[in-house]
Amino acid sequence: MEENSSEQEIAVPAKPGKITVGIDLGTCRTAIMSDRGAKLLARSLVGYPKDIISEKMVGSGPIFGEEALEKRNFLDLCYPLADGVIREASERDYKAAYELLGHLVELTRQGEDAEVCGIIGVPARASVMNKELLLSIAEKFMTKALVVSEPFMVAYQLNNLSNCIVVDIGAGTVDICGMKGTVPIADDQVTFLKGGNYIDERLCQSIIRHYPGVQVTESVACAIKEKFACVDRSKKAVVTLRHEGKPAEFDVTDDVNAVCESIVPDICEHIENLIQKFDPQDQEATLQNIILAGGGSRITGLADLIVEHLADYGKVKITTVDDPEFVGSAGALKLATEIPEEMWSQIGVMFDAE
Ligand SMILES: Nc1ncnc2c1ncn2[C@@H]1O[C@H](COP(=O)(O)OP(=O)(O)OP(=O)(O)O)[C@@H](O)[C@H]1O
Ligand SMILES: [Mg+2]
């Protein structure tokens with residue numbers, strides 16, 4: 001688990017006895033920031049010992065984040081937020097999500113005995129049921145929590161709330177949201193399942209098809225993607241993999257490029273649908289204010305390729321956020337500290353134990 005208690009980036013007066021947090025609860029990683037300056041990034045992963053022998057080696061658990069990944073031979077691993085939401089029917093996911101959130105809130109407290117309240121980001125079109133499930137977990141650790149859509153938090157952090165489209169390419173989902181100067185409504189947002197996990201799966205299959213007999217898993221494909229992801233062939237991806245057990249070098253440049261490119265048509269189609277919902281007078285400005293966020297925004301050449309696909313729409317300008325890891329949690333914290341708590345219910349679904 002990466003932890004980084006760097007100095008506070010947002011100048012907000014902390015309230016005594018109460019810690020305010022912004023949480024970006026992701027499929028792959030969860031980022032939390034607090035008004036006391038805590039800044040944590042953790043893999044959204046919980047591990048439980050597989051049997052009595054594993055328990056003897058690693059303790060009774062649960063084990064979280066990077067540590068769980070390192071000790072994976074001993075553990076049953078659970079990513080409780082597959083597809084960015086807690087799977088409604090799974091008791092195991094619910095328990096793991098409960099333990100993960102509790103663990104992270106505890107870390108954020110940094111030893112302080114205070115109540116915790118805050119804002120949690122979820123995929124743009126997470127169902128009402130899912131938001132309620134999440135709030136029922138948050139209720140155990142927090143006195144007040146509000147659930148908002150991930151791309152809205154990004155827009156809020158960037159102070160870019162009008163005539164703007166945010167495209168958040170996460171691990172489980174791609175969330176696209178049109179900002180029109182207000183809290184976005186359901187019709188201005190779309191979520192689809194072609195994020196980083198989809199790319200990893202496709203890359204794995206593509207390499208196996210290209211080089212029969214090569215051994216590659218989705219987590220190896222993910223590491224290759226994170227190093228070489230591009231859509232403009234600017235990175236030559238030659239990697240060492242095992243072929244029938246023996247190491248050898250393979251050129252997977254074409255595979256990486258093709259798979260990264262495969263998410264572009266869907267992204268463009270959804271941008272095209274959303275743009276039509278803006279006032280015609282605002283469409284030109286909006287097309288010049290498209291923001292790419294999320295880990296997938298690091299795919300080299302992605303912004304230029306989207307611009308190319310949207311050539312029929314006139315001038316299109318796309319910018320990529322500087323800090324995809326924390327921009328969402330920073331936005332959630334900014335929102336939580338700038339909007340008085342009594343107004344939170346006007347922004348989204350919440351609970352209030354006070
Ligand atoms: N350099 C990179 N190039 C391409 N993809 C990357 C790169 N770095 C990270 N990623 C991918 O970005 C994804 C993680 O992004 P992010 O942290 O935004 O997702 P998340 O918030 O956990 O997921 P979600 O929003 O879907 O719940 C992973 O699939 C990861 O492999
Ligand atoms: Mg995310």
# chains A, B, ... in the order shown; residues from 1 in each chain; ligands from 1

$ select_by_dssp --residues "region 136-268 of chain A" --states "strand (DSSP E or B)" --output "PyMOL selection string"
chain A and resi 144-149+162-169+174-180+189-192+214-215+230+238-243+246-251

$ closest_atom_pairs --of "chain A" --to "ligand 2" --cutoff "10 Å" --atoms "only C-alpha atoms and all ligand atoms" --output "JSON lines"
{"residue": "A:Asp24", "atom": "CA", "partner": "ligand 2", "partner_atom_place_in_ligand_line": "1 (Mg)", "distance": 6.4}
{"residue": "A:Leu25", "atom": "CA", "partner": "ligand 2", "partner_atom_place_in_ligand_line": "1 (Mg)", "distance": 6.7}
{"residue": "A:Gly26", "atom": "CA", "partner": "ligand 2", "partner_atom_place_in_ligand_line": "1 (Mg)", "distance": 4.5}
{"residue": "A:Thr27", "atom": "CA", "partner": "ligand 2", "partner_atom_place_in_ligand_line": "1 (Mg)", "distance": 6.9}
{"residue": "A:Cys28", "atom": "CA", "partner": "ligand 2", "partner_atom_place_in_ligand_line": "1 (Mg)", "distance": 7.8}
{"residue": "A:Arg29", "atom": "CA", "partner": "ligand 2", "partner_atom_place_in_ligand_line": "1 (Mg)", "distance": 7.5}
{"residue": "A:Thr30", "atom": "CA", "partner": "ligand 2", "partner_atom_place_in_ligand_line": "1 (Mg)", "distance": 7.9}
{"residue": "A:Ala31", "atom": "CA", "partner": "ligand 2", "partner_atom_place_in_ligand_line": "1 (Mg)", "distance": 9.1}
{"residue": "A:Asp83", "atom": "CA", "partner": "ligand 2", "partner_atom_place_in_ligand_line": "1 (Mg)", "distance": 9.9}
{"residue": "A:Gly84", "atom": "CA", "partner": "ligand 2", "partner_atom_place_in_ligand_line": "1 (Mg)", "distance": 7.3}
{"residue": "A:Gly121", "atom": "CA", "partner": "ligand 2", "partner_atom_place_in_ligand_line": "1 (Mg)", "distance": 8.0}
{"residue": "A:Val122", "atom": "CA", "partner": "ligand 2", "partner_atom_place_in_ligand_line": "1 (Mg)", "distance": 7.5}
{"residue": "A:Pro123", "atom": "CA", "partner": "ligand 2", "partner_atom_place_in_ligand_line": "1 (Mg)", "distance": 7.2}
{"residue": "A:Ala124", "atom": "CA", "partner": "ligand 2", "partner_atom_place_in_ligand_line": "1 (Mg)", "distance": 9.9}
{"residue": "A:Ser149", "atom": "CA", "partner": "ligand 2", "partner_atom_place_in_ligand_line": "1 (Mg)", "distance": 9.7}
{"residue": "A:Glu150", "atom": "CA", "partner": "ligand 2", "partner_atom_place_in_ligand_line": "1 (Mg)", "distance": 6.5}
{"residue": "A:Pro151", "atom": "CA", "partner": "ligand 2", "partner_atom_place_in_ligand_line": "1 (Mg)", "distance": 8.4}
{"residue": "A:Val154", "atom": "CA", "partner": "ligand 2", "partner_atom_place_in_ligand_line": "1 (Mg)", "distance": 10.0}
{"residue": "A:Asp168", "atom": "CA", "partner": "ligand 2", "partner_atom_place_in_ligand_line": "1 (Mg)", "distance": 6.8}
{"residue": "A:Ile169", "atom": "CA", "partner": "ligand 2", "partner_atom_place_in_ligand_line": "1 (Mg)", "distance": 7.1}
{"residue": "A:Gly170", "atom": "CA", "partner": "ligand 2", "partner_atom_place_in_ligand_line": "1 (Mg)", "distance": 4.6}
{"residue": "A:Ala171", "atom": "CA", "partner": "ligand 2", "partner_atom_place_in_ligand_line": "1 (Mg)", "distance": 7.0}
{"residue": "A:Gly172", "atom": "CA", "partner": "ligand 2", "partner_atom_place_in_ligand_line": "1 (Mg)", "distance": 7.9}
{"residue": "A:Thr173", "atom": "CA", "partner": "ligand 2", "partner_atom_place_in_ligand_line": "1 (Mg)", "distance": 7.6}
{"residue": "A:Val174", "atom": "CA", "partner": "ligand 2", "partner_atom_place_in_ligand_line": "1 (Mg)", "distance": 8.3}
{"residue": "A:Asp175", "atom": "CA", "partner": "ligand 2", "partner_atom_place_in_ligand_line": "1 (Mg)", "distance": 8.4}
{"residue": "A:Gly195", "atom": "CA", "partner": "ligand 2", "partner_atom_place_in_ligand_line": "1 (Mg)", "distance": 9.6}
{"residue": "A:Ala293", "atom": "CA", "partner": "ligand 2", "partner_atom_place_in_ligand_line": "1 (Mg)", "distance": 8.6}
{"residue": "A:Gly294", "atom": "CA", "partner": "ligand 2", "partner_atom_place_in_ligand_line": "1 (Mg)", "distance": 5.8}
{"residue": "A:Gly295", "atom": "CA", "partner": "ligand 2", "partner_atom_place_in_ligand_line": "1 (Mg)", "distance": 7.8}
{"residue": "A:Gly296", "atom": "CA", "partner": "ligand 2", "partner_atom_place_in_ligand_line": "1 (Mg)", "distance": 9.7}
{"residue": "A:Pro324", "atom": "CA", "partner": "ligand 2", "partner_atom_place_in_ligand_line": "1 (Mg)", "distance": 8.8}
{"residue": "A:Glu325", "atom": "CA", "partner": "ligand 2", "partner_atom_place_in_ligand_line": "1 (Mg)", "distance": 8.4}
{"residue": "A:Phe326", "atom": "CA", "partner": "ligand 2", "partner_atom_place_in_ligand_line": "1 (Mg)", "distance": 9.8}
{"residue": "A:Val327", "atom": "CA", "partner": "ligand 2", "partner_atom_place_in_ligand_line": "1 (Mg)", "distance": 9.9}
{"residue": "A:Gly328", "atom": "CA", "partner": "ligand 2", "partner_atom_place_in_ligand_line": "1 (Mg)", "distance": 7.6}
{"residue": "A:Ser329", "atom": "CA", "partner": "ligand 2", "partner_atom_place_in_ligand_line": "1 (Mg)", "distance": 9.6}

$ atom_distance --atom1 "CA of Cys268 (chain A)" --atom2 "CA of Val220 (chain A)"
28.3 Å

$ residues_around --residues "Ile19 (chain A)" --least-positions-apart "3" --cutoff "7 Å" --atoms "only C-alpha atoms" --output "PDB file with N, CA and C atoms, in the first residue's frame"
ATOM      1  N   LYS A  15     -12.162  21.394  11.257  1.00  0.00           N
ATOM      2  CA  LYS A  15     -13.051  21.593  12.403  1.00  0.00           C
ATOM      3  C   LYS A  15     -12.596  20.695  13.528  1.00  0.00           C
ATOM      4  N   SER A  34      -7.902  14.090   3.482  1.00  0.00           N
ATOM      5  CA  SER A  34      -8.672  14.677   4.581  1.00  0.00           C
ATOM      6  C   SER A  34      -8.314  16.143   4.773  1.00  0.00           C
ATOM      7  N   ASP A  35      -9.165  16.849   5.516  1.00  0.00           N
ATOM      8  CA  ASP A  35      -8.886  18.261   5.787  1.00  0.00           C
ATOM      9  C   ASP A  35      -7.784  18.428   6.819  1.00  0.00           C
ATOM     10  N   ALA A 114     -11.721  11.327  16.443  1.00  0.00           N
ATOM     11  CA  ALA A 114     -12.670  12.326  15.945  1.00  0.00           C
ATOM     12  C   ALA A 114     -13.694  11.649  15.062  1.00  0.00           C
ATOM     13  N   GLU A 115     -14.852  12.314  14.893  1.00  0.00           N
ATOM     14  CA  GLU A 115     -15.808  11.741  13.952  1.00  0.00           C
ATOM     15  C   GLU A 115     -15.364  12.059  12.527  1.00  0.00           C
ATOM     16  N   VAL A 116     -15.790  11.205  11.615  1.00  0.00           N
ATOM     17  CA  VAL A 116     -15.384  11.383  10.219  1.00  0.00           C
ATOM     18  C   VAL A 116     -16.632  11.555   9.360  1.00  0.00           C
ATOM     19  N   CYS A 117     -16.630  12.592   8.528  1.00  0.00           N
ATOM     20  CA  CYS A 117     -17.719  12.736   7.576  1.00  0.00           C
ATOM     21  C   CYS A 117     -17.121  13.080   6.219  1.00  0.00           C
TER      22      CYS A 117
END

$ residues_around --residues "Asn130 (chain A)" --least-positions-apart "3" --cutoff "10 Å" --atoms "only C-alpha atoms" --output "list of chain:residue names"
A:Val85, A:Ile86, A:Arg87, A:Glu88, A:Val122, A:Arg125, A:Ala126, A:Ser127, A:Leu133, A:Leu134, A:Leu135, A:Ser136

$ write_last_selection --atoms "N, CA, C and O atoms" --output "PDB file, in the first residue's frame"
ATOM      1  N   VAL A  85     -18.506  -0.780  -8.474  1.00  0.00           N
ATOM      2  CA  VAL A  85     -19.577  -0.776  -7.475  1.00  0.00           C
ATOM      3  C   VAL A  85     -19.537  -2.082  -6.693  1.00  0.00           C
ATOM      4  O   VAL A  85     -18.919  -3.039  -7.118  1.00  0.00           O
ATOM      5  N   ILE A  86     -20.190  -2.092  -5.556  1.00  0.00           N
ATOM      6  CA  ILE A  86     -20.231  -3.315  -4.765  1.00  0.00           C
ATOM      7  C   ILE A  86     -21.277  -4.232  -5.383  1.00  0.00           C
ATOM      8  O   ILE A  86     -22.422  -3.816  -5.550  1.00  0.00           O
ATOM      9  N   ARG A  87     -20.863  -5.438  -5.765  1.00  0.00           N
ATOM     10  CA  ARG A  87     -21.846  -6.340  -6.393  1.00  0.00           C
ATOM     11  C   ARG A  87     -22.954  -6.637  -5.389  1.00  0.00           C
ATOM     12  O   ARG A  87     -22.683  -7.071  -4.266  1.00  0.00           O
ATOM     13  N   GLU A  88     -24.166  -6.356  -5.852  1.00  0.00           N
ATOM     14  CA  GLU A  88     -25.291  -6.350  -4.922  1.00  0.00           C
ATOM     15  C   GLU A  88     -25.554  -7.687  -4.247  1.00  0.00           C
ATOM     16  O   GLU A  88     -25.920  -7.749  -3.092  1.00  0.00           O
ATOM     17  N   VAL A 122     -18.483   7.605  -6.780  1.00  0.00           N
ATOM     18  CA  VAL A 122     -18.814   6.289  -7.360  1.00  0.00           C
ATOM     19  C   VAL A 122     -19.019   6.481  -8.864  1.00  0.00           C
ATOM     20  O   VAL A 122     -19.165   7.606  -9.324  1.00  0.00           O
ATOM     21  N   ARG A 125     -23.149   6.286 -13.220  1.00  0.00           N
ATOM     22  CA  ARG A 125     -24.514   5.789 -13.259  1.00  0.00           C
ATOM     23  C   ARG A 125     -24.734   4.633 -12.282  1.00  0.00           C
ATOM     24  O   ARG A 125     -25.575   3.786 -12.527  1.00  0.00           O
ATOM     25  N   ALA A 126     -23.965   4.614 -11.170  1.00  0.00           N
ATOM     26  CA  ALA A 126     -24.177   3.556 -10.175  1.00  0.00           C
ATOM     27  C   ALA A 126     -25.651   3.569  -9.771  1.00  0.00           C
ATOM     28  O   ALA A 126     -26.257   4.624  -9.616  1.00  0.00           O
ATOM     29  N   SER A 127     -26.215   2.385  -9.619  1.00  0.00           N
ATOM     30  CA  SER A 127     -27.651   2.323  -9.338  1.00  0.00           C
ATOM     31  C   SER A 127     -27.967   2.864  -7.949  1.00  0.00           C
ATOM     32  O   SER A 127     -27.101   2.927  -7.079  1.00  0.00           O
ATOM     33  N   LEU A 133     -26.272   0.705  -0.739  1.00  0.00           N
ATOM     34  CA  LEU A 133     -25.431  -0.345  -0.168  1.00  0.00           C
ATOM     35  C   LEU A 133     -24.131   0.276   0.367  1.00  0.00           C
ATOM     36  O   LEU A 133     -23.689  -0.013   1.480  1.00  0.00           O
ATOM     37  N   LEU A 134     -23.556   1.152  -0.431  1.00  0.00           N
ATOM     38  CA  LEU A 134     -22.315   1.806  -0.041  1.00  0.00           C
ATOM     39  C   LEU A 134     -22.539   2.690   1.193  1.00  0.00           C
ATOM     40  O   LEU A 134     -21.746   2.673   2.136  1.00  0.00           O
ATOM     41  N   LEU A 135     -23.646   3.421   1.188  1.00  0.00           N
ATOM     42  CA  LEU A 135     -23.925   4.284   2.333  1.00  0.00           C
ATOM     43  C   LEU A 135     -24.146   3.454   3.592  1.00  0.00           C
ATOM     44  O   LEU A 135     -23.756   3.857   4.690  1.00  0.00           O
ATOM     45  N   SER A 136     -24.732   2.257   3.424  1.00  0.00           N
ATOM     46  CA  SER A 136     -24.970   1.418   4.605  1.00  0.00           C
ATOM     47  C   SER A 136     -23.641   0.958   5.214  1.00  0.00           C
ATOM     48  O   SER A 136     -23.548   0.696   6.407  1.00  0.00           O
TER      49      SER A 136
END

$ residues_around --residues "Val349 (chain A)" --least-positions-apart "4" --cutoff "7 Å" --atoms "only C-alpha atoms" --output "ChimeraX atom specification"
/A:146-147,345

$ residues_around --residues "Ile185 (chain A)" --least-positions-apart "6" --cutoff "12 Å" --atoms "only C-alpha atoms" --output "MDAnalysis selection string"
chainID A and resid 124:125 148:149 152 177:179 277 346:348

$ select_by_dssp --residues "region 102-170 of chain A" --states "alpha helix (DSSP H)" --output "VMD selection string"
chain A and resid 102 to 109 128 to 141 150 to 157

$ atom_distance --atom1 "CA of Tyr198 (chain A)" --atom2 "CA of Ile263 (chain A)"
9.0 Å

$ closest_residue --among "A:Thr217, A:Ser54, A:Thr108, A:Ser297" --to "Val321 (chain A)" --atoms "only C-alpha atoms"
A:Ser297

$ closest_residue --among "A:Asp312, A:Asp352, A:Glu218, A:Asp279" --to "ligand 1" --atoms "only C-alpha atoms and all ligand atoms"
A:Glu218

$ closest_residue --among "A:Cys230, A:Val183, A:Ala330, A:Val105" --to "ligand 1" --atoms "only C-alpha atoms and all ligand atoms"
A:Cys230

$ atom_distance --atom1 "CA of Met33 (chain A)" --atom2 "CA of Gly331 (chain A)"
9.6 Å

$ closest_residue --among "A:Val259, A:Ala145, A:Val238, A:Val214" --to "Glu201 (chain A)" --atoms "only C-alpha atoms"
A:Val259

$ closest_residue --among "A:Asn159, A:Thr143, A:Gln205, A:Gln189" --to "Lys18 (chain A)" --atoms "only C-alpha atoms"
A:Thr143

$ decode --residues "region 173-187 of chain A" --atoms "all heavy atoms" --output "PDB file, in the first residue's frame"
ATOM      1  N   THR A 173     -14.631   0.924 -14.982  1.00  0.00           N
ATOM      2  CA  THR A 173     -15.580   1.650 -15.834  1.00  0.00           C
ATOM      3  C   THR A 173     -14.948   2.873 -16.495  1.00  0.00           C
ATOM      4  O   THR A 173     -13.955   3.410 -16.002  1.00  0.00           O
ATOM      5  CB  THR A 173     -16.781   2.170 -14.998  1.00  0.00           C
ATOM      6  OG1 THR A 173     -16.278   3.001 -13.953  1.00  0.00           O
ATOM      7  CG2 THR A 173     -17.596   1.047 -14.400  1.00  0.00           C
ATOM      8  N   VAL A 174     -15.568   3.265 -17.607  1.00  0.00           N
ATOM      9  CA  VAL A 174     -15.311   4.600 -18.166  1.00  0.00           C
ATOM     10  C   VAL A 174     -16.561   5.411 -17.846  1.00  0.00           C
ATOM     11  O   VAL A 174     -17.680   4.973 -18.131  1.00  0.00           O
ATOM     12  CB  VAL A 174     -15.093   4.537 -19.696  1.00  0.00           C
ATOM     13  CG1 VAL A 174     -14.871   5.944 -20.252  1.00  0.00           C
ATOM     14  CG2 VAL A 174     -13.909   3.640 -20.045  1.00  0.00           C
ATOM     15  N   ASP A 175     -16.369   6.544 -17.200  1.00  0.00           N
ATOM     16  CA  ASP A 175     -17.492   7.413 -16.824  1.00  0.00           C
ATOM     17  C   ASP A 175     -17.382   8.710 -17.594  1.00  0.00           C
ATOM     18  O   ASP A 175     -16.347   9.365 -17.544  1.00  0.00           O
ATOM     19  CB  ASP A 175     -17.431   7.748 -15.327  1.00  0.00           C
ATOM     20  CG  ASP A 175     -17.701   6.549 -14.469  1.00  0.00           C
ATOM     21  OD1 ASP A 175     -18.825   6.049 -14.511  1.00  0.00           O
ATOM     22  OD2 ASP A 175     -16.774   6.092 -13.779  1.00  0.00           O
ATOM     23  N   ILE A 176     -18.447   9.065 -18.276  1.00  0.00           N
ATOM     24  CA  ILE A 176     -18.426  10.316 -19.038  1.00  0.00           C
ATOM     25  C   ILE A 176     -19.564  11.195 -18.540  1.00  0.00           C
ATOM     26  O   ILE A 176     -20.676  10.712 -18.318  1.00  0.00           O
ATOM     27  CB  ILE A 176     -18.564  10.044 -20.552  1.00  0.00           C
ATOM     28  CG1 ILE A 176     -17.527   8.997 -20.974  1.00  0.00           C
ATOM     29  CG2 ILE A 176     -18.391  11.323 -21.345  1.00  0.00           C
ATOM     30  CD1 ILE A 176     -17.431   8.753 -22.470  1.00  0.00           C
ATOM     31  N   CYS A 177     -19.261  12.472 -18.337  1.00  0.00           N
ATOM     32  CA  CYS A 177     -20.243  13.352 -17.715  1.00  0.00           C
ATOM     33  C   CYS A 177     -20.205  14.737 -18.367  1.00  0.00           C
ATOM     34  O   CYS A 177     -19.131  15.314 -18.519  1.00  0.00           O
ATOM     35  CB  CYS A 177     -19.886  13.439 -16.225  1.00  0.00           C
ATOM     36  SG  CYS A 177     -20.898  14.541 -15.281  1.00  0.00           S
ATOM     37  N   GLY A 178     -21.355  15.204 -18.756  1.00  0.00           N
ATOM     38  CA  GLY A 178     -21.452  16.557 -19.299  1.00  0.00           C
ATOM     39  C   GLY A 178     -21.754  17.534 -18.175  1.00  0.00           C
ATOM     40  O   GLY A 178     -22.674  17.314 -17.391  1.00  0.00           O
ATOM     41  N   MET A 179     -20.961  18.599 -18.083  1.00  0.00           N
ATOM     42  CA  MET A 179     -21.160  19.586 -17.013  1.00  0.00           C
ATOM     43  C   MET A 179     -21.836  20.828 -17.601  1.00  0.00           C
ATOM     44  O   MET A 179     -21.334  21.414 -18.553  1.00  0.00           O
ATOM     45  CB  MET A 179     -19.806  19.994 -16.413  1.00  0.00           C
ATOM     46  CG  MET A 179     -19.082  18.882 -15.665  1.00  0.00           C
ATOM     47  SD  MET A 179     -20.023  18.202 -14.291  1.00  0.00           S
ATOM     48  CE  MET A 179     -20.443  19.689 -13.400  1.00  0.00           C
ATOM     49  N   LYS A 180     -22.971  21.205 -16.999  1.00  0.00           N
ATOM     50  CA  LYS A 180     -23.729  22.351 -17.526  1.00  0.00           C
ATOM     51  C   LYS A 180     -23.957  23.415 -16.456  1.00  0.00           C
ATOM     52  O   LYS A 180     -24.974  24.100 -16.462  1.00  0.00           O
ATOM     53  CB  LYS A 180     -25.082  21.853 -18.052  1.00  0.00           C
ATOM     54  CG  LYS A 180     -24.925  20.856 -19.192  1.00  0.00           C
ATOM     55  CD  LYS A 180     -26.254  20.295 -19.616  1.00  0.00           C
ATOM     56  CE  LYS A 180     -26.103  19.354 -20.780  1.00  0.00           C
ATOM     57  NZ  LYS A 180     -27.309  18.564 -21.016  1.00  0.00           N
ATOM     58  N   GLY A 181     -23.048  23.493 -15.503  1.00  0.00           N
ATOM     59  CA  GLY A 181     -23.152  24.540 -14.487  1.00  0.00           C
ATOM     60  C   GLY A 181     -23.956  24.133 -13.266  1.00  0.00           C
ATOM     61  O   GLY A 181     -24.136  24.931 -12.346  1.00  0.00           O
ATOM     62  N   THR A 182     -24.488  22.902 -13.257  1.00  0.00           N
ATOM     63  CA  THR A 182     -25.271  22.428 -12.101  1.00  0.00           C
ATOM     64  C   THR A 182     -24.788  21.029 -11.718  1.00  0.00           C
ATOM     65  O   THR A 182     -23.934  20.465 -12.390  1.00  0.00           O
ATOM     66  CB  THR A 182     -26.767  22.306 -12.471  1.00  0.00           C
ATOM     67  OG1 THR A 182     -26.858  21.385 -13.572  1.00  0.00           O
ATOM     68  CG2 THR A 182     -27.384  23.627 -12.877  1.00  0.00           C
ATOM     69  N   VAL A 183     -25.375  20.471 -10.660  1.00  0.00           N
ATOM     70  CA  VAL A 183     -25.099  19.069 -10.329  1.00  0.00           C
ATOM     71  C   VAL A 183     -25.618  18.244 -11.518  1.00  0.00           C
ATOM     72  O   VAL A 183     -26.768  18.410 -11.919  1.00  0.00           O
ATOM     73  CB  VAL A 183     -25.858  18.642  -9.047  1.00  0.00           C
ATOM     74  CG1 VAL A 183     -25.609  17.173  -8.754  1.00  0.00           C
ATOM     75  CG2 VAL A 183     -25.449  19.521  -7.872  1.00  0.00           C
ATOM     76  N   PRO A 184     -24.774  17.386 -12.122  1.00  0.00           N
ATOM     77  CA  PRO A 184     -25.239  16.665 -13.314  1.00  0.00           C
ATOM     78  C   PRO A 184     -26.393  15.716 -13.005  1.00  0.00           C
ATOM     79  O   PRO A 184     -26.425  15.073 -11.959  1.00  0.00           O
ATOM     80  CB  PRO A 184     -24.000  15.887 -13.777  1.00  0.00           C
ATOM     81  CG  PRO A 184     -23.041  15.924 -12.642  1.00  0.00           C
ATOM     82  CD  PRO A 184     -23.389  17.064 -11.758  1.00  0.00           C
ATOM     83  N   ILE A 185     -27.356  15.647 -13.922  1.00  0.00           N
ATOM     84  CA  ILE A 185     -28.470  14.706 -13.750  1.00  0.00           C
ATOM     85  C   ILE A 185     -28.112  13.407 -14.476  1.00  0.00           C
ATOM     86  O   ILE A 185     -27.157  13.364 -15.254  1.00  0.00           O
ATOM     87  CB  ILE A 185     -29.796  15.285 -14.297  1.00  0.00           C
ATOM     88  CG1 ILE A 185     -29.614  15.693 -15.779  1.00  0.00           C
ATOM     89  CG2 ILE A 185     -30.263  16.463 -13.475  1.00  0.00           C
ATOM     90  CD1 ILE A 185     -30.902  16.008 -16.485  1.00  0.00           C
ATOM     91  N   ALA A 186     -28.903  12.358 -14.231  1.00  0.00           N
ATOM     92  CA  ALA A 186     -28.593  11.038 -14.807  1.00  0.00           C
ATOM     93  C   ALA A 186     -28.419  11.112 -16.321  1.00  0.00           C
ATOM     94  O   ALA A 186     -27.534  10.483 -16.887  1.00  0.00           O
ATOM     95  CB  ALA A 186     -29.709  10.066 -14.441  1.00  0.00           C
ATOM     96  N   ASP A 187     -29.233  11.920 -16.979  1.00  0.00           N
ATOM     97  CA  ASP A 187     -29.216  11.993 -18.428  1.00  0.00           C
ATOM     98  C   ASP A 187     -27.910  12.582 -18.985  1.00  0.00           C
ATOM     99  O   ASP A 187     -27.593  12.414 -20.160  1.00  0.00           O
ATOM    100  CB  ASP A 187     -30.409  12.870 -18.853  1.00  0.00           C
ATOM    101  CG  ASP A 187     -30.824  12.564 -20.271  1.00  0.00           C
ATOM    102  OD1 ASP A 187     -30.741  11.386 -20.652  1.00  0.00           O
ATOM    103  OD2 ASP A 187     -31.188  13.511 -20.993  1.00  0.00           O
TER     104      ASP A 187
END
